[in-house]
Structure formats: C-alpha cells, structure tokens
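A short worksheet on the structure shown next.
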Amino acid sequence: RGRFGLFFRGSGTTFCAVKRHSKAIFIVLAMLLLALGGRSEGADRFALIVSGASGGSQYAQRYDAWRDQLLKILRDEFGYPADHIQVLSDSPSPGTKRSTRENVRSSMDTLRQQTKADDVVLVILIGHGSTGDAEDSKFNLVGPDLSGREWADLLKPLAGRIVFVDTSGGSFPFLKALAAPGRIVLTATNSPGQVFETVFADFFIRALGDQAADT
C-alpha cells in the first residue's frame, strides 16, 4: 500500500523508479505539475477521469469523493475548462456517463478529435484492478474490463503529451504496457503481486491539490 511505480520516457532518455510515497511523491508531483499546469502557446489541456465498478457502497462513496475532489482541483487550481474534462463512473449523473468499455472508447475517440500535438492529456483511473499474470492487468469497469494492452491501443491515436495515472491495485503491469515517448505513467503498485485495495488515489489527489495551491 505504501509504494508506487513511475515510468517516464522523454527524448532519448528513459527513467524508471519505484520508491516509497514519502521519499519520491514530491518529485513526481513536480513533474506532473509541470505537465498539467504548463501551457505552451496554442496548447490546451484535457482530462478523462474514470472511476470504475465500485463493488460495494463503501467503495462507491470513497471513489465518488476522490473523483469529485480531483475534478474540483483540475477546474479551480489548474484552470481546466469544464468542456475539456470527461468523467465516467459506475453511477451516471448529469455530466457523468457510466464507466463501461464502450464509453471509455467513445471518450478516447472524442479526445482523438480534440487534441493537438502540443496539448496535455490526463487520464486517471480510480477503482479496482486485477492481474491475470505478470505481463498484463485489467482495470475493472462496469461490464467487460479493459486490459493494459487495450488501454495502450486506445492511447496510440492521441496527439499530445499523455499523463496516465492508474491508482488501482494490480496496476503495476500498466507501466510496461503503456510506456512510450512523450508519456508519464504512474501506478499505485510496484509489483504484479500487489493486488489489494490501495489508498493511493486519496494520497495522490490531496497532495496534488496542496502542491498546486502552493505554486
């Protein structure tokens, strides 16, 4: 529960680290703040927030709170326009669609049509995950799930710089599946064996808000 994985690949360089939250989270947040908050001339910022199948009311309340908090931070602290943020959850409401595989694909298609090369695209997953083997894992949606490889295929057509954060248990294989130039990939776990529920989303979102308020 106290570790995460990070993969960053830039022009000609590759960096991979796995460390405890307390020692590395501020370095990671600095990188994310630069990516999420920085804007070159003519560039825009977009976000897709997906809270998957909750699996029970206790999880649903937790995921709803994290999702709403993140949405507020992106709008109020980072200045994301409301029409640049798509939200999916297991309980749809006005402005929020159900977090199904079909709606994920539709949201990705919308991003493909919206984004340009200099834009920044944030994708963050909040919920449960599972690993079938050390090479791949899935993020739990309402209905059929999507594996890391399938998420990678959905990201390929997107222009711009991608920041992908998977806060679920069993998320570690997403590092390898999604790694590519121009991306930051962050997971809540650092080995395929870590499949239990994590609180990384809570820690990450609160820290992101605190750091954004201080910049």
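Residues in the structure tokens are numbered from 1 in each chain, the chains being A, B, ... in the order shown, and ligands are numbered from 1 in the order shown.
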
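Residues lying within 6 Å of region 161-171 of chain A, counting only C-alpha atoms and ignoring same-chain neighbours fewer than 2 positions away, are Val120, Val121, Leu122, Val123, Ile124, Leu125, Ile126, Gly127, His128, Gly129, Ser130, Thr131, Pro173, Phe174, Gly182, Arg183, Ile184, Val185, Leu186, Thr187, Ala188, Thr189, Gln194, Val195, Phe196, Glu197, Thr198, Phe200 and Ala201 of chain A.
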
Output for the residues just chosen: N, CA and C atoms as a compact mmCIF listing (two decimals), in the first residue's frame:
# COMPACT_ATOMS: atom_id res chain seq x y z
N VAL A 120 -1.82 18.61 -23.57
CA VAL A 120 -1.58 17.65 -22.50
C VAL A 120 -2.88 16.93 -22.20
N VAL A 121 -2.80 15.60 -22.14
CA VAL A 121 -3.98 14.77 -21.86
C VAL A 121 -3.73 13.98 -20.58
N LEU A 122 -4.57 14.21 -19.57
CA LEU A 122 -4.51 13.47 -18.32
C LEU A 122 -5.58 12.39 -18.32
N VAL A 123 -5.18 11.15 -18.08
CA VAL A 123 -6.13 10.04 -17.90
C VAL A 123 -5.86 9.47 -16.52
N ILE A 124 -6.88 9.43 -15.68
CA ILE A 124 -6.69 8.90 -14.33
C ILE A 124 -7.78 7.88 -14.02
N LEU A 125 -7.37 6.72 -13.53
CA LEU A 125 -8.27 5.62 -13.21
C LEU A 125 -8.38 5.48 -11.69
N ILE A 126 -9.61 5.44 -11.19
CA ILE A 126 -9.88 5.30 -9.77
C ILE A 126 -10.79 4.08 -9.59
N GLY A 127 -10.32 3.08 -8.85
CA GLY A 127 -11.16 1.91 -8.65
C GLY A 127 -10.36 0.66 -8.37
N HIS A 128 -10.90 -0.48 -8.80
CA HIS A 128 -10.28 -1.77 -8.58
C HIS A 128 -9.52 -2.23 -9.82
N GLY A 129 -8.48 -3.01 -9.60
CA GLY A 129 -7.75 -3.61 -10.70
C GLY A 129 -7.48 -5.07 -10.41
N SER A 130 -7.05 -5.79 -11.41
CA SER A 130 -6.74 -7.21 -11.23
C SER A 130 -5.62 -7.60 -12.19
N THR A 131 -4.84 -8.59 -11.79
CA THR A 131 -3.75 -9.07 -12.64
C THR A 131 -3.99 -10.54 -12.97
N PRO A 173 1.51 -3.75 -13.97
CA PRO A 173 1.78 -4.07 -15.38
C PRO A 173 1.44 -2.96 -16.37
N PHE A 174 0.64 -1.98 -15.95
CA PHE A 174 0.33 -0.85 -16.84
C PHE A 174 1.59 -0.06 -17.18
N GLY A 182 7.06 10.60 -24.72
CA GLY A 182 6.10 11.67 -24.50
C GLY A 182 5.04 11.36 -23.47
N ARG A 183 5.26 10.35 -22.64
CA ARG A 183 4.26 9.97 -21.64
C ARG A 183 4.86 9.92 -20.24
N ILE A 184 4.01 10.22 -19.27
CA ILE A 184 4.29 9.93 -17.87
C ILE A 184 3.25 8.90 -17.44
N VAL A 185 3.71 7.77 -16.91
CA VAL A 185 2.81 6.71 -16.45
C VAL A 185 3.08 6.47 -14.97
N LEU A 186 2.04 6.54 -14.16
CA LEU A 186 2.16 6.39 -12.71
C LEU A 186 1.18 5.33 -12.24
N THR A 187 1.65 4.37 -11.44
CA THR A 187 0.78 3.32 -10.91
C THR A 187 0.86 3.28 -9.39
N ALA A 188 -0.17 2.69 -8.78
CA ALA A 188 -0.25 2.63 -7.33
C ALA A 188 0.59 1.51 -6.74
N THR A 189 1.00 0.54 -7.55
CA THR A 189 1.75 -0.61 -7.05
C THR A 189 3.04 -0.79 -7.83
N GLN A 194 1.00 -7.20 -5.94
CA GLN A 194 0.24 -6.26 -5.13
C GLN A 194 -1.12 -6.00 -5.78
N VAL A 195 -2.12 -6.73 -5.30
CA VAL A 195 -3.43 -6.67 -5.94
C VAL A 195 -4.53 -6.18 -4.99
N PHE A 196 -4.18 -5.86 -3.76
CA PHE A 196 -5.20 -5.45 -2.80
C PHE A 196 -5.57 -3.98 -2.98
N GLU A 197 -6.69 -3.60 -2.39
CA GLU A 197 -7.20 -2.23 -2.47
C GLU A 197 -6.13 -1.25 -1.96
N THR A 198 -5.97 -0.14 -2.66
CA THR A 198 -4.99 0.87 -2.27
C THR A 198 -5.68 2.16 -1.88
N PHE A 200 -3.91 4.96 -2.60
CA PHE A 200 -3.02 5.87 -3.31
C PHE A 200 -3.77 7.05 -3.91
N ALA A 201 -4.98 6.82 -4.41
CA ALA A 201 -5.75 7.92 -5.01
C ALA A 201 -5.98 9.04 -4.02

Please give the complete set of residues from region 63-191 of chain A that DSSP, run on the backbone, assigns to alpha helix (DSSP H), formatted as a PyMOL selection string. chain A and resi 63-76+101-114+148-155+174-178

Go ahead and save the residues from that selection, with C-alpha atoms, as a compact mmCIF listing (two decimals), in the first residue's frame.
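Printed below is out24.txt as written:
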# COMPACT_ATOMS: atom_id res chain seq x y z
CA TYR A 63 -14.44 6.73 -5.21
CA ASP A 64 -17.12 9.41 -5.59
CA ALA A 65 -15.33 11.63 -3.07
CA TRP A 66 -11.95 11.18 -4.75
CA ARG A 67 -13.40 11.80 -8.20
CA ASP A 68 -15.22 14.96 -7.12
CA GLN A 69 -12.12 16.26 -5.33
CA LEU A 70 -9.94 15.68 -8.39
CA LEU A 71 -12.49 17.35 -10.65
CA LYS A 72 -12.53 20.42 -8.41
CA ILE A 73 -8.72 20.62 -8.38
CA LEU A 74 -8.47 20.42 -12.15
CA ARG A 75 -11.08 23.14 -12.61
CA ASP A 76 -10.17 25.50 -9.77
CA ARG A 101 -15.79 -0.22 -22.03
CA GLU A 102 -17.86 1.33 -24.80
CA ASN A 103 -17.95 4.75 -23.09
CA VAL A 104 -14.20 4.64 -22.45
CA ARG A 105 -13.64 4.02 -26.15
CA SER A 106 -16.07 6.81 -27.05
CA SER A 107 -14.30 9.22 -24.69
CA MET A 108 -10.94 8.31 -26.20
CA ASP A 109 -12.35 8.93 -29.66
CA THR A 110 -13.51 12.37 -28.51
CA LEU A 111 -10.01 13.11 -27.20
CA ARG A 112 -8.54 11.96 -30.51
CA GLN A 113 -10.68 14.52 -32.31
CA GLN A 114 -9.96 17.31 -29.81
CA GLY A 148 -3.33 -2.58 -20.01
CA ARG A 149 -2.67 -3.60 -23.60
CA GLU A 150 -6.15 -2.44 -24.63
CA TRP A 151 -5.64 0.90 -22.90
CA ALA A 152 -2.33 1.20 -24.76
CA ASP A 153 -4.11 0.67 -28.09
CA LEU A 154 -6.65 3.36 -27.17
CA LEU A 155 -3.87 5.85 -26.37
CA PHE A 174 0.33 -0.85 -16.84
CA LEU A 175 3.82 0.67 -16.57
CA LYS A 176 5.26 -1.60 -19.23
CA ALA A 177 2.09 -1.79 -21.33
CA LEU A 178 1.69 2.00 -21.63

Per residue of region 75-100 of chain A within 12 Å of region 52-60 of chain A, which atom pair is closest and at what distance in Å (one decimal), using only C-alpha atoms, listed by chain and increasing number, as JSON lines?
{"residue": "A:Val87", "atom": "CA", "partner": "A:Gly52", "partner_atom": "CA", "distance": 10.7}
{"residue": "A:Leu88", "atom": "CA", "partner": "A:Gly52", "partner_atom": "CA", "distance": 7.7}
{"residue": "A:Ser89", "atom": "CA", "partner": "A:Gly52", "partner_atom": "CA", "distance": 5.8}
{"residue": "A:Asp90", "atom": "CA", "partner": "A:Ala53", "partner_atom": "CA", "distance": 5.4}
{"residue": "A:Ser91", "atom": "CA", "partner": "A:Ala60", "partner_atom": "CA", "distance": 8.7}
{"residue": "A:Pro92", "atom": "CA", "partner": "A:Gly52", "partner_atom": "CA", "distance": 11.2}
{"residue": "A:Lys97", "atom": "CA", "partner": "A:Gly52", "partner_atom": "CA", "distance": 11.1}
{"residue": "A:Arg98", "atom": "CA", "partner": "A:Gly52", "partner_atom": "CA", "distance": 8.6}
{"residue": "A:Ser99", "atom": "CA", "partner": "A:Gly52", "partner_atom": "CA", "distance": 5.7}
{"residue": "A:Thr100", "atom": "CA", "partner": "A:Gly52", "partner_atom": "CA", "distance": 8.0}

I need the residues from that last selection saved to file as a PDB file, in the first residue's frame (with N, CA and C atoms), if you can.
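The resulting file, out-v9.pdb, is reproduced below:
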ATOM      1  N   VAL A  87     -15.887  12.703 -17.594  1.00  0.00           N
ATOM      2  CA  VAL A  87     -15.962  11.929 -16.362  1.00  0.00           C
ATOM      3  C   VAL A  87     -16.841  10.706 -16.582  1.00  0.00           C
ATOM      4  N   LEU A  88     -16.330   9.538 -16.191  1.00  0.00           N
ATOM      5  CA  LEU A  88     -17.085   8.290 -16.240  1.00  0.00           C
ATOM      6  C   LEU A  88     -17.117   7.680 -14.844  1.00  0.00           C
ATOM      7  N   SER A  89     -18.265   7.122 -14.447  1.00  0.00           N
ATOM      8  CA  SER A  89     -18.374   6.464 -13.146  1.00  0.00           C
ATOM      9  C   SER A  89     -19.381   5.328 -13.240  1.00  0.00           C
ATOM     10  N   ASP A  90     -19.435   4.504 -12.192  1.00  0.00           N
ATOM     11  CA  ASP A  90     -20.385   3.386 -12.228  1.00  0.00           C
ATOM     12  C   ASP A  90     -21.806   3.832 -11.916  1.00  0.00           C
ATOM     13  N   SER A  91     -21.968   5.085 -11.456  1.00  0.00           N
ATOM     14  CA  SER A  91     -23.300   5.648 -11.205  1.00  0.00           C
ATOM     15  C   SER A  91     -23.430   6.955 -11.977  1.00  0.00           C
ATOM     16  N   PRO A  92     -23.939   6.898 -13.213  1.00  0.00           N
ATOM     17  CA  PRO A  92     -24.002   8.101 -14.040  1.00  0.00           C
ATOM     18  C   PRO A  92     -24.896   9.174 -13.438  1.00  0.00           C
ATOM     19  N   LYS A  97     -21.002   9.972 -17.465  1.00  0.00           N
ATOM     20  CA  LYS A  97     -21.508   8.769 -18.117  1.00  0.00           C
ATOM     21  C   LYS A  97     -21.059   7.530 -17.354  1.00  0.00           C
ATOM     22  N   ARG A  98     -21.710   6.407 -17.627  1.00  0.00           N
ATOM     23  CA  ARG A  98     -21.359   5.157 -16.964  1.00  0.00           C
ATOM     24  C   ARG A  98     -19.996   4.678 -17.449  1.00  0.00           C
ATOM     25  N   SER A  99     -19.218   4.138 -16.542  1.00  0.00           N
ATOM     26  CA  SER A  99     -17.844   3.718 -16.869  1.00  0.00           C
ATOM     27  C   SER A  99     -17.840   2.311 -17.475  1.00  0.00           C
ATOM     28  N   THR A 100     -18.313   2.238 -18.706  1.00  0.00           N
ATOM     29  CA  THR A 100     -18.295   0.996 -19.464  1.00  0.00           C
ATOM     30  C   THR A 100     -17.155   1.021 -20.478  1.00  0.00           C
TER      31      THR A 100
END

CA of Tyr80 (chain A) to CA of Val199 (chain A), straight-line distance in Å: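 For CA of Val199 (chain A) relative to CA of Tyr80 (chain A), the distance reads 25.0 Å.
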
Rounded to one decimal place, report the CA of Arg45 (chain A)-CA of Ser147 (chain A) distance in Å.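 So the answer is 25.3 Å.
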
Quick one: pull the distance between CA of Ile85 (chain A) and CA of Phe46 (chain A), Å, one decimal. 5.8 Å
